[in-house]
Structure formats: structure tokens, C-alpha cells
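Pasted below: final_29.cif, mmCIF, C-alpha atoms.
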```cif
data_start
loop_
_atom_site.label_atom_id
_atom_site.label_comp_id
_atom_site.auth_asym_id
_atom_site.auth_seq_id
_atom_site.Cartn_x
_atom_site.Cartn_y
_atom_site.Cartn_z
CA MET Z 793 72.54 87.32 121.64
CA ALA Z 794 69.53 85.35 122.82
CA GLY Z 795 69.54 84.66 126.53
CA THR Z 796 72.40 87.07 127.31
CA GLY Z 797 70.23 89.28 129.58
CA THR Z 798 70.76 92.99 130.11
CA GLU Z 799 74.57 92.79 130.47
CA GLU Z 800 74.87 93.73 126.78
CA HIS Z 801 71.97 96.17 127.08
CA PRO Z 802 73.09 98.54 129.87
CA HIS Z 803 70.03 100.76 129.97
CA GLY Z 804 66.72 101.22 131.76
CA ALA Z 805 63.12 101.50 130.61
CA ASP Z 806 63.54 105.26 130.18
CA ARG Z 807 66.07 104.88 127.33
CA LEU Z 808 65.82 101.73 125.27
CA CYS Z 809 68.47 100.48 122.86
CA GLU Z 810 67.65 100.91 119.16
CA ALA Z 811 66.63 97.28 118.66
CA GLY Z 812 64.53 97.27 121.83
CA ASP Z 813 62.79 100.48 120.77
CA ARG Z 814 61.76 98.94 117.43
CA VAL Z 815 60.32 95.76 118.98
CA TYR Z 816 58.53 97.51 121.87
CA SER Z 817 57.05 100.13 119.51
CA ARG Z 818 55.77 97.38 117.22
CA ALA Z 819 54.26 95.55 120.19
CA VAL Z 820 52.43 98.68 121.39
CA ARG Z 821 51.05 99.39 117.89
CA ARG Z 822 49.92 95.82 117.19
CA GLY Z 823 49.04 94.67 120.70
CA ARG Z 824 51.52 91.77 120.66
CA VAL Z 825 54.57 90.39 118.83
CA PRO Z 826 55.89 86.85 118.21
CA ARG Z 827 58.21 85.62 120.98
CA ARG Z 828 61.01 85.12 118.45
CA ASP Z 829 61.07 88.89 117.80
CA ALA Z 830 62.44 89.38 121.33
CA ASP Z 831 65.27 86.86 120.99
CA GLN Z 832 67.75 89.62 120.11
CA VAL Z 833 66.43 92.03 122.73
CA PRO Z 834 66.20 90.14 126.05
CA CYS Z 835 66.30 93.54 127.78
CA LEU Z 836 62.58 93.97 127.04
CA LEU Z 837 61.74 90.87 129.07
CA ASP Z 838 64.27 91.68 131.80
CA LEU Z 839 62.73 95.16 132.19
CA ALA Z 840 59.19 93.65 132.11
CA LEU Z 841 58.28 95.73 129.06
CA LEU Z 842 57.09 92.55 127.35
CA HIS Z 843 55.54 89.50 128.96
CA PRO Z 844 54.01 86.24 127.68
CA ASP Z 845 50.48 86.28 126.32
CA PRO Z 846 48.53 83.96 128.67
CA ASP Z 847 46.36 82.86 125.72
CA ASP Z 848 49.29 81.93 123.47
CA MET Z 849 52.77 81.51 124.96
CA ASP Z 850 54.37 81.91 121.52
CA TRP Z 851 53.43 85.59 121.63
CA LEU Z 852 54.45 88.49 123.87
CA VAL Z 853 52.23 91.41 124.87
CA PRO Z 854 53.53 94.85 125.92
CA THR Z 855 53.27 96.50 129.30
CA SER Z 856 51.28 99.70 128.76
CA PRO Z 857 53.33 102.92 128.43
CA GLN Z 858 51.25 104.38 131.29
CA GLU Z 859 52.38 101.59 133.63
CA VAL Z 860 55.99 102.02 132.52
CA MET Z 861 55.79 105.75 133.30
CA THR Z 862 54.31 104.92 136.72
CA ARG Z 863 57.34 102.75 137.53
CA LEU Z 864 59.74 105.49 136.46
CA LEU Z 865 57.96 108.15 138.54
CA ARG Z 866 57.86 105.89 141.58
CA GLY Z 867 61.57 105.28 141.22
CA LEU Z 868 62.21 109.02 140.96
CA TYR Z 869 60.21 109.68 144.14
CA GLU Z 870 62.26 107.00 145.92
CA ASP Z 871 65.52 108.51 144.64
CA VAL Z 872 64.57 111.95 145.96
CA SER Z 873 63.60 110.53 149.36
CA ALA Z 874 66.86 108.58 149.54
CA SER Z 875 68.77 111.73 148.57
CA GLN Z 876 67.20 113.64 151.44
CA ARG Z 877 68.15 110.91 153.91
CA ARG Z 878 71.74 110.79 152.64
CA VAL Z 879 72.13 114.56 152.99
CA GLY Z 880 71.06 114.35 156.64
CA THR Z 881 73.43 111.44 157.26
CA ALA Z 882 76.33 113.25 155.58
CA VAL Z 883 75.80 116.42 157.62
CA ALA Z 884 75.53 114.45 160.89
CA ALA Z 885 78.71 112.52 160.10
CA TYR Z 886 80.59 115.71 159.22
CA GLU Z 887 79.56 117.36 162.47
CA TRP Z 888 80.65 114.30 164.45
CA TYR Z 889 84.11 114.11 162.92
CA ALA Z 890 84.53 117.88 163.01
CA GLY Z 891 83.81 117.75 166.75
CA LEU Z 892 86.68 115.35 167.25
CA GLY Z 893 89.10 118.09 166.23
CA GLY Z 894 88.77 119.96 169.54
CA SER Z 895 87.98 123.62 169.89
CA ALA Z 896 89.23 124.84 166.51
CA PRO Z 897 87.14 127.92 165.64
CA SER Z 898 84.65 127.83 162.79
CA GLY Z 899 85.70 130.73 160.57
CA GLU Z 900 83.64 132.66 158.07
CA GLY Z 901 84.93 130.49 155.25
CA SER Z 902 83.89 127.18 156.87
CA ALA Z 903 82.21 124.61 154.66
CA ILE Z 904 79.56 123.99 157.35
CA ARG Z 905 78.64 126.63 159.91
CA VAL Z 906 76.12 126.19 162.73
CA LEU Z 907 73.95 129.28 163.22
CA GLU Z 908 72.26 129.46 166.62
CA GLY Z 909 69.53 132.02 167.31
CA LEU Z 910 67.14 133.75 164.94
CA SER Z 911 69.15 136.97 164.84
CA ARG Z 912 72.30 135.17 163.69
CA ILE Z 913 70.34 133.18 161.10
CA GLN Z 914 68.76 136.38 159.75
CA ALA Z 915 72.14 138.13 159.62
CA ALA Z 916 73.72 135.26 157.67
CA MET Z 917 70.85 135.17 155.19
CA ASP Z 918 71.00 138.95 154.76
CA GLU Z 919 74.71 138.58 153.99
CA ALA Z 920 74.02 135.86 151.42
CA THR Z 921 71.29 138.03 149.89
CA GLU Z 922 73.72 140.91 149.45
CA ALA Z 923 76.21 138.65 147.69
CA CYS Z 924 73.61 136.95 145.45
CA THR Z 925 73.57 138.08 141.80
CA ARG Z 926 71.83 135.40 139.74
CA GLU Z 927 69.44 132.90 141.32
CA VAL Z 928 67.67 131.84 144.52
CA LEU Z 929 66.04 128.40 144.94
CA THR Z 930 63.78 127.74 147.92
CA VAL Z 931 61.71 124.87 149.31
CA GLN Z 932 58.93 125.95 151.68
CA PRO Z 933 57.24 122.99 153.44
CA GLY Z 934 54.05 123.15 155.46
CA GLY Z 935 50.61 124.38 154.52
CA ILE Z 936 49.18 127.86 154.04
CA ARG Z 937 51.89 130.45 154.69
CA ARG Z 938 51.02 132.96 157.38
CA GLU Z 939 51.33 136.67 156.64
CA ASP Z 940 54.13 137.09 159.22
CA GLU Z 941 56.12 134.25 157.63
CA LEU Z 942 55.84 135.85 154.22
CA ALA Z 943 56.72 139.29 155.58
CA GLU Z 944 59.78 137.89 157.39
CA GLY Z 945 61.84 137.61 154.21
CA LEU Z 946 60.03 140.17 152.07
CA HIS Z 947 62.81 142.75 152.33
CA ARG Z 948 65.31 140.20 151.00
CA ALA Z 949 62.99 139.21 148.16
CA LEU Z 950 62.47 142.83 147.12
CA THR Z 951 66.21 143.46 147.25
CA LEU Z 952 66.84 140.45 145.02
CA ARG Z 953 64.10 141.49 142.59
CA GLY Z 954 65.61 144.95 142.29
CA ARG Z 955 68.93 143.37 141.39
CA GLY Z 956 67.37 141.20 138.65
CA VAL Z 957 67.81 137.92 140.54
CA HIS Z 958 65.43 135.15 139.46
CA MET Z 959 63.73 133.12 142.22
CA ARG Z 960 62.11 129.68 142.07
CA ASP Z 961 59.98 128.54 145.00
CA LEU Z 962 58.56 125.08 145.78
CA TYR Z 963 55.50 124.73 148.06
CA THR Z 964 53.01 122.00 148.94
CA HIS Z 965 49.69 121.94 147.09
CA VAL Z 966 47.96 123.16 150.26
CA ALA Z 967 49.78 126.50 150.00
CA ARG Z 968 47.73 127.28 146.88
CA HIS Z 969 44.78 128.15 149.14
CA GLY Z 970 46.60 130.96 150.98
CA GLN Z 971 45.74 134.47 149.82
CA GLY Z 972 48.94 135.80 151.39
CA LEU Z 973 51.07 133.71 149.03
CA LEU Z 974 49.07 134.85 146.02
CA ASN Z 975 49.53 138.49 147.07
CA TYR Z 976 53.27 137.95 147.51
CA LEU Z 977 53.66 136.39 144.06
CA GLU Z 978 51.63 139.19 142.48
CA LEU Z 979 53.91 141.73 144.16
CA MET Z 980 57.07 139.97 142.96
CA GLY Z 981 55.85 139.55 139.38
CA GLU Z 982 58.13 137.74 136.94
CA ALA Z 983 60.99 137.71 139.45
CA VAL Z 984 59.45 134.66 141.17
CA GLU Z 985 58.31 131.37 139.66
CA ALA Z 986 56.36 129.03 141.96
CA ARG Z 987 55.38 125.36 141.72
CA THR Z 988 53.69 122.91 144.11
CA LEU Z 989 53.91 119.23 145.06
CA ASP Z 990 51.95 116.88 147.32
CA GLU Z 991 54.90 116.98 149.71
CA VAL Z 992 58.37 118.49 149.71
CA ILE Z 993 61.60 118.11 151.68
CA ASP Z 994 62.36 120.29 154.71
CA ARG Z 995 63.02 124.00 154.28
CA LEU Z 996 65.90 124.83 151.94
CA ILE Z 997 67.29 128.13 150.59
CA LEU Z 998 70.05 128.18 147.95
CA PHE Z 999 71.82 131.35 146.82
CA ASP Z 1000 73.63 131.29 143.46
CA ARG Z 1001 74.23 127.54 143.91
CA THR Z 1002 77.14 128.36 146.21
CA VAL Z 1003 75.60 128.65 149.70
CA ALA Z 1004 72.64 126.82 151.21
CA PHE Z 1005 70.66 127.14 154.46
CA ILE Z 1006 68.79 124.23 156.06
CA PRO Z 1007 67.17 123.85 159.53
CA ALA Z 1008 69.28 122.24 162.26
CA ASN Z 1009 66.43 121.59 164.74
CA THR Z 1010 62.67 121.21 164.70
CA ASP Z 1011 61.77 124.68 166.04
CA ARG Z 1012 64.08 126.38 163.51
CA THR Z 1013 66.10 128.28 166.11
CA MET Z 1014 69.25 126.73 164.66
CA ALA Z 1015 70.34 126.44 161.03
CA LEU Z 1016 73.24 125.11 159.01
CA GLU Z 1017 75.01 127.32 156.48
CA LEU Z 1018 76.54 125.04 153.84
CA ARG Z 1019 79.27 126.16 151.47
CA HIS Z 1020 80.89 122.84 150.60
CA PRO Z 1021 80.58 122.52 146.78
CA ALA Z 1022 79.66 118.82 146.93
CA LEU Z 1023 76.90 119.33 149.53
CA VAL Z 1024 75.50 122.40 147.79
CA GLY Z 1025 75.61 120.65 144.41
CA TYR Z 1026 73.78 117.68 145.91
CA LEU Z 1027 71.01 119.93 147.26
CA VAL Z 1028 70.70 121.65 143.88
CA THR Z 1029 70.19 118.23 142.24
CA VAL Z 1030 67.47 117.35 144.76
CA PHE Z 1031 65.74 120.69 144.13
CA GLU Z 1032 65.85 120.29 140.34
CA ARG Z 1033 64.35 116.79 140.54
CA LEU Z 1034 61.51 118.05 142.71
CA TRP Z 1035 61.02 121.03 140.40
CA ARG Z 1036 60.53 118.78 137.37
CA LEU Z 1037 57.87 116.81 139.26
CA ALA Z 1038 56.07 119.92 140.55
CA ILE Z 1039 53.06 121.67 139.00
CA PRO Z 1040 53.16 125.42 138.21
CA LEU Z 1041 51.07 127.44 140.63
CA THR Z 1042 49.18 128.96 137.70
CA ALA Z 1043 48.16 125.48 136.42
CA PRO Z 1044 45.28 123.48 137.95
CA LEU Z 1045 46.00 120.27 139.85
CA PRO Z 1046 45.40 117.13 137.77
CA ASP Z 1047 42.03 115.47 138.20
CA THR Z 1048 42.24 112.02 139.80
CA ARG Z 1049 39.38 110.94 137.52
CA ILE Z 1050 38.09 108.75 140.34
CA GLU Z 1051 34.60 109.76 141.33
CA GLY Z 1052 34.43 111.03 144.90
CA ILE Z 1053 38.20 111.10 145.55
CA SER Z 1054 40.05 114.42 145.55
CA HIS Z 1055 43.67 114.97 144.62
CA ARG Z 1056 44.57 115.46 148.30
CA GLU Z 1057 42.78 112.25 149.31
CA GLN Z 1058 44.77 110.40 146.63
CA SER Z 1059 47.98 111.71 148.24
CA ILE Z 1060 46.74 110.65 151.69
CA ALA Z 1061 45.90 107.19 150.35
CA ALA Z 1062 49.45 106.73 149.02
CA LEU Z 1063 50.94 107.67 152.40
CA LEU Z 1064 48.49 105.42 154.26
CA ALA Z 1065 49.61 102.55 152.02
CA GLU Z 1066 53.20 103.23 153.15
CA GLY Z 1067 52.08 102.70 156.76
CA HIS Z 1068 52.31 106.29 158.05
CA GLN Z 1069 50.23 107.50 161.01
CA ASP Z 1070 47.80 110.42 160.74
CA ALA Z 1071 50.14 112.94 162.38
CA VAL Z 1072 52.99 112.10 159.99
CA ILE Z 1073 50.71 112.32 156.95
CA ALA Z 1074 49.36 115.69 158.11
CA GLU Z 1075 52.85 117.09 158.60
CA ARG Z 1076 54.11 115.90 155.22
CA LEU Z 1077 51.11 117.33 153.36
CA GLY Z 1078 50.98 120.58 155.33
CA ILE Z 1079 47.50 120.08 156.82
CA SER Z 1080 46.17 119.68 160.35
CA VAL Z 1081 45.66 116.23 161.88
CA ARG Z 1082 41.94 116.98 162.16
CA THR Z 1083 41.70 117.80 158.45
CA CYS Z 1084 43.72 114.69 157.61
CA ARG Z 1085 41.35 112.46 159.58
CA ALA Z 1086 38.33 114.04 157.90
CA HIS Z 1087 39.82 113.18 154.49
CA ILE Z 1088 40.53 109.62 155.65
CA ALA Z 1089 36.90 109.26 156.77
CA ARG Z 1090 35.64 110.45 153.38
CA LEU Z 1091 38.10 108.14 151.64
CA SER Z 1092 36.81 105.18 153.68
CA GLU Z 1093 33.22 106.05 152.82
CA THR Z 1094 33.97 106.42 149.09
CA LEU Z 1095 35.86 103.12 148.91
CA GLY Z 1096 33.35 101.29 151.09
CA ALA Z 1097 35.87 100.43 153.81
CA ALA Z 1098 34.55 99.65 157.30
CA SER Z 1099 37.97 99.56 159.03
CA ARG Z 1100 41.49 100.91 158.68
CA THR Z 1101 42.72 97.48 157.55
CA GLN Z 1102 39.98 97.19 154.95
CA LEU Z 1103 40.79 100.73 153.76
CA GLY Z 1104 44.37 99.62 153.04
CA VAL Z 1105 43.08 96.72 150.96
CA ARG Z 1106 40.69 98.99 149.00
CA ILE Z 1107 43.50 101.52 148.37
CA ALA Z 1108 45.63 98.79 146.83
CA GLN Z 1109 42.74 97.43 144.78
CA VAL Z 1110 41.96 100.75 143.09
CA GLY Z 1111 45.61 101.64 142.59
CA LEU Z 1112 45.91 104.57 145.01
CA ASP Z 1113 48.98 103.15 146.76
CA GLY Z 1114 51.53 104.94 144.59
CA PRO Z 1115 52.05 107.57 141.87
CA GLN Z 1116 50.36 106.10 138.85
CA GLU Z 1117 47.87 106.59 136.06
CA PRO Z 1118 44.41 107.55 137.37
CA VAL Z 1119 41.85 104.77 137.56
CA ASP Z 1120 38.07 104.91 137.04
CA LEU Z 1121 36.67 103.68 140.36
CA THR Z 1122 33.37 102.68 138.70
CA GLN Z 1123 35.22 99.99 136.73
CA VAL Z 1124 37.06 98.46 139.69
CA THR Z 1125 35.92 95.01 140.81
CA VAL Z 1126 36.09 94.37 144.55
CA PRO Z 1127 36.26 90.65 145.44
CA GLY Z 1128 32.92 89.37 146.64
CA GLN Z 1129 31.06 92.57 145.65
CA GLY Z 1130 31.31 92.69 141.86
CA SER Z 1131 31.89 95.91 139.92
CA ARG Z 1132 31.50 99.18 141.90
CA THR Z 1133 29.35 101.90 140.39
CA GLY Z 1134 29.05 105.56 141.19
CA ARG Z 1135 26.72 106.39 144.03
#
```

Re-express the file's structure as C-alpha cells.
Amino acid sequence: MAGTGTEEHPHGADRLCEAGDRVYSRAVRRGRVPRRDADQVPCLLDLALLHPDPDDMDWLVPTSPQEVMTRLLRGLYEDVSASQRRVGTAVAAYEWYAGLGGSAPSGEGSAIRVLEGLSRIQAAMDEATEACTREVLTVQPGGIRREDELAEGLHRALTLRGRGVHMRDLYTHVARHGQGLLNYLELMGEAVEARTLDEVIDRLILFDRTVAFIPANTDRTMALELRHPALVGYLVTVFERLWRLAIPLTAPLPDTRIEGISHREQSIAALLAEGHQDAVIAERLGISVRTCRAHIARLSETLGAASRTQLGVRIAQVGLDGPQEPVDLTQVTVPGQGSRTGR
């Protein structure tokens, strides 16, 4: 089978074939394996799980499991982002073609219904609440939730709790600092389970995996009510992927283990590396532009960057340009400056 490539090994790094698992496991335990051991498992080289030992080309050394996990997580983030874009494209296309049909009325059983005006949106959500019997999934973007925002849907939440409906809510990490949210979760008790992420998709509410509500404009005065099984199922998949990546609200955020760099600054660094402007970063992380710029200034100082361009280089050098295993900044060597040490 030598030289056949991955055609006979149709799998990814997350689920190796039996032979590949044996060879990669042996390489991780011993630090390297003879090149001939990989002749029957070319998938390990194709997936970059093994690579030549620069000191002896007859041997192969393994890519660390931490780096492999980093690749998988980065791919999952990209899949979720692509899913969000495809949902928006699908909805826009549906609306366009539906508009070609003339003035046919949109009945109550329509797969996609445009709700214009806050009163109509509230009425539709109240109706969905009354029909809900099992589960509600929500995504709440932005930062600290204001008391009026939390109170807006409190009557629906209490109604659902009284009916034994289980609720799962996704927020950004910034929302952890809002006392109003903590009070709300204490009031709801075991009826609500909450988790947080660095950033989430736009607002989403799913009732019983049969009807979904998403914003239709930026000021949220219009919404789409989705009942098409394929669209709703797609949104459920996106939610579940985000949920698996999220951290329970009751658990502390992971330490970056880089002296002087907070978890939020690590998130900002990753978005800076993608080329986003301050306003976009602030919106995606649920913070103000002023707060975002203050974090960027501290990040520049910690990494010893004198300009925005140099900051991008430093971010890449210390490995803050993507979701990956934390790095000890004191052990990073910056070209021309030697090894950095804690201040």
C-alpha cells in the first residue's frame, strides 16, 4: 500500500485508521519511529501527523497531540463561521425567489415569515412560547445584558420554566460580568443552563427545534420566523457546535498562561491577526471600541510592539493568531532580541 496516499484511508486526524493509530501512538510514546513503519500508513504523512526527523531522514517524528488538536479546533471554528454565512445566503436567496411569485400572501404556515415591528415580533414569540413543550435554545450576542433586555423576555422564560421546558443559553464571555444575568440565572434555577464563548453568531432563538427566530435588520425591528425543517435543523447544528466549544458559566475561563496577557486580549489578538478593525473586533466580542483599544495598547506593551504592523508580527511569533495551546511568553525568542523574560 506504500505510496497510495489517503485514497485508501478516507479519514481525518480526528479518527485514524487502526494501523495509523498504532504507528502514531508508538511515535508519540517513543519520540520517533523508523520511516519504514509508515510505509503501510501514508495517511500519517498526508495528514502531517508524522514528518521527517531533520537529524536523521530515516526516522519520522510525530506532530504533538496539542498541535493536532489546535488544527481540529481551528477547522471547527471555520466550519461554524462558514455555516453562518451559508444560512444568510440561503435566506436571502429564498426571499428573492419568493418575491418573484407576485403578491401571494404569506400564511401562518409559511416556511419563512417576515415579522415587521416589535409588537408583531413579540406576539409571534409569545405564540411559539405557548406551543413549546420541551426545549429552547438561544444565542445572545453582545456584552453585558441590560436589565431591560433581560426583563423583556422574563415572562416567557418563567412560563417555560413552569411547564418544565429546559433552556440552554449561549453568551459572550463579557456577559459573565453582568450582575443582571447572574440574578436571572439564579431566578431560573435548573431550568436554564448557560455557557459562554469569545464570540457567538447573531441572535437566535429556537423552540422545540421546529421554529426559529433570527434578526432581519441591524436595529432588530424586523425578524424572520423560520419553520422550514432544513433551515431549522441547520441552525440547531450550528448551535450544538458552538455549545460544545463553549465554557459553562459556572466554570472559570482558561488561563492563557502567558504572563501579562488576559484571555480577552488573546481573543483580540486572534481577530487582529485576521485583519479586523477595532470596531469590528469590539462588536464581535461584545465590548466598546474604547475598551478594545485599551486592550490593544496593553497587548502592544506586553509584546514589545511599537506599531500596529509590529504587533501583528509579535502576535504570530507567540502563537496568538489562532485557537491553540497556550504558550509561555518568557520562552519565546524574538528575532534580533533573544529570549523574552517576564518584566

- Could you write out as a PyMOL selection string the residues that the PyMOL selection byres ((chain Z and resi 1063-1071) around 12) matches in the shown file? chain Z and resi 990-991+1056-1062+1072-1089+1091-1092+1100-1115

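Take CA of Val825 (chain Z) and CA of Cys809 (chain Z): the distance between them is 17.6 Å.
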
- Task: Translate the PyMOL selection byres ((chain Z and resi 1028) around 12), as applied to the file shown, into an explicit residue set as a PyMOL selection string.
- Result: chain Z and resi 872+875-876+879+927-931+960+996-1005+1021-1027+1029-1035

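The spacing separating CA of Gln832 (chain Z) from CA of Leu852 (chain Z) amounts to 13.9 Å.
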
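When CA of Val815 (chain Z) is paired with CA of Leu836 (chain Z), their separation reads 8.6 Å.
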
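The residue that comes closest to Leu989 (chain Z), out of Z:Trp888, Z:Tyr816, Z:Tyr869, Z:Trp851 and on the basis of only C-alpha atoms, is Z:Tyr869.
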
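Candidate residues Z:Thr964, Z:Ala983, Z:Pro1007, Z:Ala1097 were compared for distance to Ala1038 (chain Z), and the nearest is Z:Thr964, using all atoms listed in the file.
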
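Minimum distance to Leu973 (chain Z) across Z:Asp871, Z:Glu1017, Z:Glu908, Z:Asp961 (counting all atoms listed in the file) occurs at Z:Asp961.
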